[in-house]
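Quick notes on the structure that follows.
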Amino acid sequence: MSPITLILIAIGLGLAGWLAGRAKAWSFQKAHPQSRPASRPIYHAWYVAIWVVIPVLVFISFWSFAAPDLITRSVLTSMAAADLPSFGFEREAWLAEARAVATGRAPGVFNDGAEKLVEPFREAISFYTWIGLAVTIVIAVGGGIFAFLRIRPDFGARTKVERTVMIVLLLASLVAILTTFGIFASLVFETVRFFGMVSPVDFLFGTFWAPDPMSNPDNPDGSRYGAIPLFWGTIFIGAIIAMIVAIPLGLMSAIYLTQYANPSLRTWVKPALEILAGVPTVVYGYFAALTIAPMIRDAAVSVGVTNASTESALAAGVVMGVMIIPFVSSMADDSIAAVPSAMRDGSYAMGATKSETITKVLFPAALPGIVAGIMLAVSRAIGETMIVVMAASTAANLSANPLDRMTTVTVQIVKMLTGEGSFDHPATLSAFALGFVLFLVTLALNFAALRVVKRFREAYE
Amino acid sequence: MNNTADFKRPTRTPEFEKRLAKRYRAERTFKLMGQGAIVFSVAVLIFLLGNMLVNGIGGFQRAELAVPITFAESGLTGDEVSLTAPSAVQTLEMQGMAEVVQLFAEKALGERGADQLSDQAWRDVAAALTADPALLEKTEPMIFNLPASSDLASGLAGEGSPEMRALAKDLVSQGKLAENWDWAFLSRSDATSPQAVGIWGALKGSIFTMLVTLALAFPVGILAALYLEEYAPKNRWTDLIEVSINNLAAVPSIIFGLLGLAVFLAVFPNLRSAPLIGGMTLALMTMPVIVISGRNAIKAVPPSIRDGALAVGASPVQVVFHHVLPLALPGMLTGTIIGMARALGETAPLLLIGMRAFVATPPTDLTSPATVLPVQIFLWSDEIDRGFVERTSAAIVVLLLFLLLMNSIAIYLRNKFEKTW
């Protein structure tokens with residue numbers, strides 16, 4: 001019986017408890033119509049339902065972890081387990097097979113030896129299923145009866161229910177901390193393991209990147225784990241080429257839309273830019289790889305560049321820039337709109353033209369906000385994955401030629417983790433170290449952007 | 001005369017006029033640059049969507065050979081019971097259905113034409129037969145449009161080898177080969193040949209994944225938003241929660257993939273490439289988006305509503321759940337749909353947790369191996385066979401349509417329920 005069935009049973013019992021609690025509370029009110037109970041019947045109903053459901057949910061979450069282990073243990077103590085291979089891979093395989101057959105997931109066993117284990121597995125599974133069911137019902141009914149007996153006209157069910165609600169709300173908001181902590185812990189843990197095999201100096205300052213997932217994991221060659229070419233490729237594609245495209249186009253479209261365009265044009269163009277922002281990155285990647293990259297290669301060949309690659313940094317960077325345009329544009333839009341209109345009016349009163357007002361008054365005043373927006377845009381660009389995975393190369397190159405093949409941190413993370421290497425190999429673990437660097441850099445950029453925005457606000461209020 | 005003009009407008013010297021003209025020129029150039037930026041952005045959008053649409057239309061079509069089949073002469077046997085049993089296709093395969101179809105094809109198309117029938121073409125005929133067993137009695141020939149091989153398909157498209165192009169031309173002139181609408185693309189799953197692929201498997205995987213994401217991220221996100229906006233005391237813990245939510249919203253999506261790999265797959269090693277794990281990973285990514293938009297929606301509810309409720313004796317929990325939440329819910333839903341649309345288009349984290357397997361049968365539950373639409377697009381874009389190019393675009397068109405639908409719902413909700421207090 002799956003945990004989902006148990007949860008459904010718990011919810012069913014909870015509903016029964018809810019109805020029973022409400023009925024009891026109503027009966028008090030009917031018996032003494034003049035009296036004023038401490039809580040309305042609905043709170044008594046919820047009080048009973050909470051006592052039924054929450055203990056059961058705690059039990060189910062514990063049980064769904066413990067039950068498979070208990071089943072295996074009881075099979076191992078059975079007679080049939082005597083001729084099981086004593087150790088290692090084969091033993092695991094037999095057990096897994098027998099379990100799969102017993103649960104009906106596989107039609108038959110592959111190893112004959114596992115055949116004998118199927119029956120004990122079946123017995124153990126049905127035994128523990130019944131135990132799980134029985135304990136679920138006992139806990140639910142027990143909790144329900146306890147709560148039901150406490151219902152009295154003067155019982156403050158509402159405060160108890162509300163306290164539970166507050167705890168649930170607090171737990172929900174703690175999920176965010178837990179996630180941040182989980183990300184941090186898992187990245188740090190795997191990164192430390194990686195640095196146990198490859199020295200951080202080699203990783204952070206080496207200029208040659210060619211991890212071999214098939215090499216001997218016990219004796220990795222640190223000189224193949226130099227991440228400088230990846231960092232350079234990431235910066236070149238995400239922070240240089242993409243920004244050369246995105247900053248002027250994004251800024252100019254924001255300026256035009258806020259300062260020049262009439263409202264009817266704005267109502268059409270703004271949603272169009274939002275669509276551009278909503279296109280999935282895999283679509284941009286496909287567009288870059290199939291349309292833009294060959295176009296750039298052909299253009300380069302026609303002007304006489306012979307070694308132009310179809311996996312050039314330029315194609316990935318340009319398409320990434322296009323993807324970032326709406327982001328820069330909306331950031332610039334917000335910070336220009338935040339400039340006090342008195343400054344603009346003053347400039348017009350002095351006889352400045354619109355463009356002079358924009359470039360000499362509005363833009364400098366909005367600059368901190370725009371800079372913050374660009375920092376956020378860079379942090380998005382360097383963390384962007386699909387465009388570079390599909391359009392950029394996997395070859396690490398330390399070059400300043402935009403037509404060269406180049407790779408990025410995110411490309412290598414995907415490459416290392418979708419390859420054939422085992423999970424304990426330094427090549428695989430290097431993905432976590434790269435991820436950790438990426439995480440820290442994006443966090444730093446976001447903090448810096450926040451700082452810049454805060455200063456900007458103080459200046460004008 | 002000249003002197004009086006100078007007297008009347010003493011600043012309008014020739015130098016001034018020149019400067020003014022220059023300033024106006026600069027103004028025009030600047031405006032033109034702005035227009036240029038807008039035009040470029042919109043042009044890229046139109047080019048991108050147009051490109052996908054034009055290619056995608058090709059992806060909804062496939063090259064099909066017209067093969068007349070006379071079942072009465074086929075030698076295939078079976079009755080209502082055996083042909084509607086779940087094993088019917090296997091039974092037909094054992095009877096040599098593939099060869100039978102091949103034989104009829106040879107009769108109609110010649111040997112060279114019949115060789116270019118797709119290997120799996122007989123399955124279409126088998127499907128027709130299991131749908132209507134009475135066909136087996138038919139004495140007059142029935143014409144089936146069966147998929148051609150990918151070689152012939154590229155020949156029809158004017159690519160591929162010269163022989164194939166000649167053969168395709170020949171067959172087209174006889175009316176036996178044509179590019180037909182292939183709506184079954186929407187109901188099949190992944191396959192090795194571009195002629196036989198479909199997106200239902202990936203779409204179903206996406207739907208399962210999104211259901212898990214919604215079930216986890218929506219309640220948690222809404223409750224966290226309510227707590228932070230309505231109840232949270234101003235202290236260090238609250239600050240920590242706020243900082244982590246804002247950071248999570250800015251963390252690159254691939255980092256969530258690393259988290260899913262290191263944590264979820266370590267806890268459930270058997271659930272690699274299951275929609276459950278994919279949904280959990282995307283839920284962590286979507287939750288901050290829902291919290292942030294939810295908080296904005298709650299902020300938009302005027303304080304007078306709360307004060308009114310408190311004044312007539314409602315408890316703080318009643319104020320929020322009876323008054324604030326119903327009023328903020330449309331705004332929260334809008335944010336949720338936008339977050340879900342982002343999750344639907346997300347690829348990188350799912351690649352890392354293994355949802356990139358070749359999945360030829362649609363997933364049946366939350367724990368069976370699956371892939372999702374964007375990952376399917378990525379996998380097809382990597383295929384060497386040229387036939388996959390159009391199929392990929394068709395899959396992109398389907399994905400974009402879903403995103404458009406979700407965003408339209410969000411905009412509709414926003415316009416319908418938006419209140420100015």
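Please note that chains go A, B, ... in the order of the structure tokens, that every chain numbers its residues from 1, and that ligands are numbered from 1 in the order shown.
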
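In this structure, the chain A residues at most 6 Å away from chain B are Leu169, Ala172, Ser173, Ala176, Ile177, Ile183, Leu249, Met252, Ser253, Tyr256, Pro280, Ser355 and Gly383 of chain A, with only C-alpha atoms considered.
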
Practice item. Write out as a ChimeraX atom specification the residues lying within 7 Å of segment 81-92 of chain B, counting only C-alpha atoms and excluding same-chain residues fewer than 5 positions away. Key: /B:97,126,130,133

Review point. Could you pull out all residues of segment 358-405 of chain A with a DSSP call of alpha helix (DSSP H) and give them as a VMD selection string?
Key: chain A and resid 363 to 383 386 to 391

Just-selected residues, N, CA and C atoms written as an mmCIF file, in the first residue's frame:
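out_20.cif, freshly written:
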data_model
loop_
_atom_site.group_PDB
_atom_site.id
_atom_site.type_symbol
_atom_site.label_atom_id
_atom_site.label_comp_id
_atom_site.auth_asym_id
_atom_site.auth_seq_id
_atom_site.Cartn_x
_atom_site.Cartn_y
_atom_site.Cartn_z
ATOM 1 N N PHE A 363 19.376 60.362 -17.309
ATOM 2 C CA PHE A 363 20.266 59.205 -17.302
ATOM 3 C C PHE A 363 21.248 59.235 -16.126
ATOM 4 N N PRO A 364 21.941 60.369 -15.896
ATOM 5 C CA PRO A 364 22.846 60.377 -14.731
ATOM 6 C C PRO A 364 22.099 60.151 -13.420
ATOM 7 N N ALA A 365 20.894 60.716 -13.319
ATOM 8 C CA ALA A 365 20.148 60.547 -12.073
ATOM 9 C C ALA A 365 19.718 59.095 -11.888
ATOM 10 N N ALA A 366 19.396 58.432 -13.011
ATOM 11 C CA ALA A 366 18.918 57.056 -12.920
ATOM 12 C C ALA A 366 20.063 56.057 -12.949
ATOM 13 N N LEU A 367 21.281 56.551 -13.088
ATOM 14 C CA LEU A 367 22.412 55.659 -13.332
ATOM 15 C C LEU A 367 22.573 54.549 -12.282
ATOM 16 N N PRO A 368 22.511 54.880 -10.979
ATOM 17 C CA PRO A 368 22.691 53.789 -10.008
ATOM 18 C C PRO A 368 21.684 52.662 -10.227
ATOM 19 N N GLY A 369 20.433 53.001 -10.475
ATOM 20 C CA GLY A 369 19.415 51.972 -10.706
ATOM 21 C C GLY A 369 19.724 51.182 -11.956
ATOM 22 N N ILE A 370 20.185 51.886 -12.996
ATOM 23 C CA ILE A 370 20.496 51.193 -14.243
ATOM 24 C C ILE A 370 21.679 50.259 -14.042
ATOM 25 N N VAL A 371 22.693 50.747 -13.290
ATOM 26 C CA VAL A 371 23.863 49.896 -13.026
ATOM 27 C C VAL A 371 23.428 48.644 -12.266
ATOM 28 N N ALA A 372 22.574 48.836 -11.262
ATOM 29 C CA ALA A 372 22.087 47.677 -10.509
ATOM 30 C C ALA A 372 21.367 46.709 -11.440
ATOM 31 N N GLY A 373 20.540 47.261 -12.342
ATOM 32 C CA GLY A 373 19.815 46.417 -13.293
ATOM 33 C C GLY A 373 20.775 45.638 -14.168
ATOM 34 N N ILE A 374 21.856 46.307 -14.594
ATOM 35 C CA ILE A 374 22.817 45.615 -15.458
ATOM 36 C C ILE A 374 23.531 44.519 -14.681
ATOM 37 N N MET A 375 23.822 44.778 -13.399
ATOM 38 C CA MET A 375 24.459 43.725 -12.598
ATOM 39 C C MET A 375 23.548 42.509 -12.502
ATOM 40 N N LEU A 376 22.256 42.748 -12.276
ATOM 41 C CA LEU A 376 21.321 41.617 -12.221
ATOM 42 C C LEU A 376 21.271 40.912 -13.570
ATOM 43 N N ALA A 377 21.321 41.699 -14.653
ATOM 44 C CA ALA A 377 21.289 41.097 -15.982
ATOM 45 C C ALA A 377 22.519 40.224 -16.197
ATOM 46 N N VAL A 378 23.685 40.716 -15.751
ATOM 47 C CA VAL A 378 24.902 39.899 -15.889
ATOM 48 C C VAL A 378 24.755 38.618 -15.084
ATOM 49 N N SER A 379 24.199 38.736 -13.870
ATOM 50 C CA SER A 379 24.088 37.534 -13.055
ATOM 51 C C SER A 379 23.150 36.533 -13.709
ATOM 52 N N ARG A 380 22.122 37.023 -14.404
ATOM 53 C CA ARG A 380 21.256 36.087 -15.135
ATOM 54 C C ARG A 380 21.986 35.486 -16.317
ATOM 55 N N ALA A 381 22.756 36.314 -17.013
ATOM 56 C CA ALA A 381 23.412 35.828 -18.233
ATOM 57 C C ALA A 381 24.449 34.760 -17.908
ATOM 58 N N ILE A 382 25.215 34.951 -16.821
ATOM 59 C CA ILE A 382 26.251 33.951 -16.569
ATOM 60 C C ILE A 382 25.657 32.663 -16.016
ATOM 61 N N GLY A 383 24.453 32.740 -15.441
ATOM 62 C CA GLY A 383 23.828 31.517 -14.950
ATOM 63 C C GLY A 383 22.987 30.837 -16.001
ATOM 64 N N MET A 386 20.804 26.875 -21.116
ATOM 65 C CA MET A 386 20.429 26.147 -22.328
ATOM 66 C C MET A 386 20.995 26.783 -23.594
ATOM 67 N N ILE A 387 21.028 28.118 -23.650
ATOM 68 C CA ILE A 387 21.528 28.757 -24.865
ATOM 69 C C ILE A 387 22.968 28.321 -25.112
ATOM 70 N N VAL A 388 23.790 28.366 -24.054
ATOM 71 C CA VAL A 388 25.198 28.016 -24.257
ATOM 72 C C VAL A 388 25.375 26.511 -24.446
ATOM 73 N N VAL A 389 24.558 25.712 -23.761
ATOM 74 C CA VAL A 389 24.692 24.264 -23.960
ATOM 75 C C VAL A 389 24.425 23.916 -25.423
ATOM 76 N N MET A 390 23.437 24.592 -26.030
ATOM 77 C CA MET A 390 23.063 24.229 -27.391
ATOM 78 C C MET A 390 23.891 24.950 -28.441
ATOM 79 N N ALA A 391 24.324 26.180 -28.147
ATOM 80 C CA ALA A 391 24.981 26.954 -29.202
ATOM 81 C C ALA A 391 26.482 27.097 -29.003
#

Exercise for review: Give me the residues within 8 Å of Leu434 of chain A as a list of chain:residue names, counting only C-alpha atoms and dropping any in the same chain fewer than 6 places off.
Suggested key: A:Val409, A:Thr410, A:Ile413

File dump, residues just selected, N, CA and C atoms, as an mmCIF file, in the first residue's frame:
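again-v7.cif, written as the output of this step:
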data_model
loop_
_atom_site.group_PDB
_atom_site.id
_atom_site.type_symbol
_atom_site.label_atom_id
_atom_site.label_comp_id
_atom_site.auth_asym_id
_atom_site.auth_seq_id
_atom_site.Cartn_x
_atom_site.Cartn_y
_atom_site.Cartn_z
ATOM 1 N N VAL A 409 30.898 27.912 -17.712
ATOM 2 C CA VAL A 409 30.755 27.132 -16.481
ATOM 3 C C VAL A 409 29.520 26.231 -16.571
ATOM 4 N N THR A 410 28.399 26.821 -17.022
ATOM 5 C CA THR A 410 27.158 26.035 -17.020
ATOM 6 C C THR A 410 27.228 24.892 -18.032
ATOM 7 N N ILE A 413 29.068 22.147 -16.350
ATOM 8 C CA ILE A 413 28.280 21.472 -15.301
ATOM 9 C C ILE A 413 27.382 20.432 -15.951
#

Exercise for review: Once DSSP has gone over the backbone, tell me which residues of segment 146-394 of chain B are in strand (DSSP E), as a ChimeraX atom specification.
Suggested key: /B:146-147,177-181

Fewer than 3 positions away in the same chain doesn't count, so skip those; otherwise give me all residues within 10 Å of segment 10-24 of chain A, counting only C-alpha atoms, as a tab-separated table (two decimals) with C-alpha atoms, in the first residue's frame.
chain	number	residue	atom	x	y	z
A	4	ILE	CA	-0.68	8.01	-0.98
A	5	THR	CA	-3.37	5.49	-0.05
A	6	LEU	CA	-2.51	5.93	3.61
A	7	ILE	CA	-2.73	9.70	3.25
A	27	SER	CA	-25.52	19.72	19.99
A	28	PHE	CA	-24.23	21.90	22.85
A	29	GLN	CA	-25.57	24.95	21.20
A	30	LYS	CA	-28.93	23.32	20.61
A	40	ARG	CA	-17.91	28.39	17.10
A	41	PRO	CA	-18.69	24.77	16.10
A	42	ILE	CA	-16.49	24.98	13.02
A	43	TYR	CA	-13.41	25.44	15.20
A	44	HIS	CA	-14.27	22.35	17.21
A	45	ALA	CA	-14.58	20.51	13.90
A	46	TRP	CA	-11.15	21.67	12.79
A	47	TYR	CA	-9.71	20.87	16.19
A	48	VAL	CA	-10.76	17.23	15.86
A	49	ALA	CA	-9.63	17.04	12.22
A	50	ILE	CA	-6.18	18.38	13.11
A	51	TRP	CA	-5.78	15.83	15.86
A	52	VAL	CA	-6.71	13.08	13.41
A	53	VAL	CA	-4.61	14.13	10.44
A	54	ILE	CA	-1.37	15.62	11.73
A	55	PRO	CA	-0.15	12.73	13.94
A	56	VAL	CA	-1.00	10.34	11.12
A	57	LEU	CA	0.95	12.40	8.58
A	60	ILE	CA	3.24	8.10	7.41
A	136	THR	CA	-2.46	4.54	10.77
A	137	ILE	CA	-6.01	3.80	11.81
A	139	ILE	CA	-3.31	6.72	15.57
A	140	ALA	CA	-6.05	8.51	13.65
A	141	VAL	CA	-8.88	7.13	15.76
A	143	GLY	CA	-6.18	11.25	18.14
A	144	GLY	CA	-9.73	11.81	17.06
A	145	ILE	CA	-11.22	10.35	20.26
A	147	ALA	CA	-9.83	15.56	20.67
A	148	PHE	CA	-13.50	14.63	20.58
A	149	LEU	CA	-13.61	14.08	24.33
A	150	ARG	CA	-12.09	17.47	24.95
A	151	ILE	CA	-14.87	19.29	23.14
A	152	ARG	CA	-16.90	21.19	25.72
A	153	PRO	CA	-18.91	24.39	25.51

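Minimum atom-to-atom distance to Phe321 of chain B, evaluated using only C-alpha atoms, belongs to A:Met166 out of A:Val192, A:Leu440, A:Met166, A:Val453.
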
Check your understanding: Could you name the residues that touch segment 294-305 of chain B at 6 Å or less, counting only C-alpha atoms, but leaving out those on the same chain fewer than 3 positions away, as number ranges by chain?
Key -> B: 225, 290-291, 308, 328, 331-332

Would you save the residues from that selection as a PDB file, in the first residue's frame, using N, CA and C atoms?
ATOM      1  N   ALA B 225       3.938  33.586   2.055  1.00  0.00           N
ATOM      2  CA  ALA B 225       3.662  34.993   1.761  1.00  0.00           C
ATOM      3  C   ALA B 225       2.758  35.585   2.840  1.00  0.00           C
ATOM      4  N   ILE B 290       6.344  32.658  -6.347  1.00  0.00           N
ATOM      5  CA  ILE B 290       4.984  32.740  -5.821  1.00  0.00           C
ATOM      6  C   ILE B 290       4.965  33.576  -4.547  1.00  0.00           C
ATOM      7  N   VAL B 291       5.982  33.417  -3.693  1.00  0.00           N
ATOM      8  CA  VAL B 291       6.017  34.196  -2.451  1.00  0.00           C
ATOM      9  C   VAL B 291       6.090  35.678  -2.775  1.00  0.00           C
ATOM     10  N   GLY B 308     -11.251  47.106   9.679  1.00  0.00           N
ATOM     11  CA  GLY B 308     -12.691  46.888   9.808  1.00  0.00           C
ATOM     12  C   GLY B 308     -12.973  45.549  10.444  1.00  0.00           C
ATOM     13  N   ALA B 328      -6.806  38.854  -2.003  1.00  0.00           N
ATOM     14  CA  ALA B 328      -5.478  38.810  -2.619  1.00  0.00           C
ATOM     15  C   ALA B 328      -5.335  37.625  -3.564  1.00  0.00           C
ATOM     16  N   GLY B 331      -4.615  37.973  -7.441  1.00  0.00           N
ATOM     17  CA  GLY B 331      -3.244  38.414  -7.685  1.00  0.00           C
ATOM     18  C   GLY B 331      -2.250  37.296  -7.451  1.00  0.00           C
ATOM     19  N   MET B 332      -2.495  36.508  -6.396  1.00  0.00           N
ATOM     20  CA  MET B 332      -1.606  35.384  -6.107  1.00  0.00           C
ATOM     21  C   MET B 332      -1.666  34.355  -7.225  1.00  0.00           C
TER      22      MET B 332
END

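If you look at atom CA of Ala66 of chain B and atom CA of Gly201 of chain B, they are 27.5 Å away from each other.
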
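The spacing separating atom CA of Glu92 of chain A from atom CA of Lys116 of chain A amounts to 14.8 Å.
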
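Distance-wise, atom CA of Ala315 of chain A and atom CA of Ile296 of chain A end up 6.8 Å apart.
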
**Study point:** All residues 6 Å or closer to segment 143-148 of chain B, only C-alpha atoms, same chain fewer than 4 positions away omitted, as JSON, numbers by chain
**Key:** {"B": [63, 64, 65, 66, 67, 68, 116, 117, 118, 121]}

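By chain and then residue number, the residues within 10 Å of Phe236 of chain A are Leu230, Ala242, Met243, Ala313, Leu314, Gly317, Ile382, Ser399, Ala400, Asn401, Pro402, Met406, Thr407 and Thr408 of chain A, counting only C-alpha atoms and disregarding those fewer than 6 positions away in sequence.
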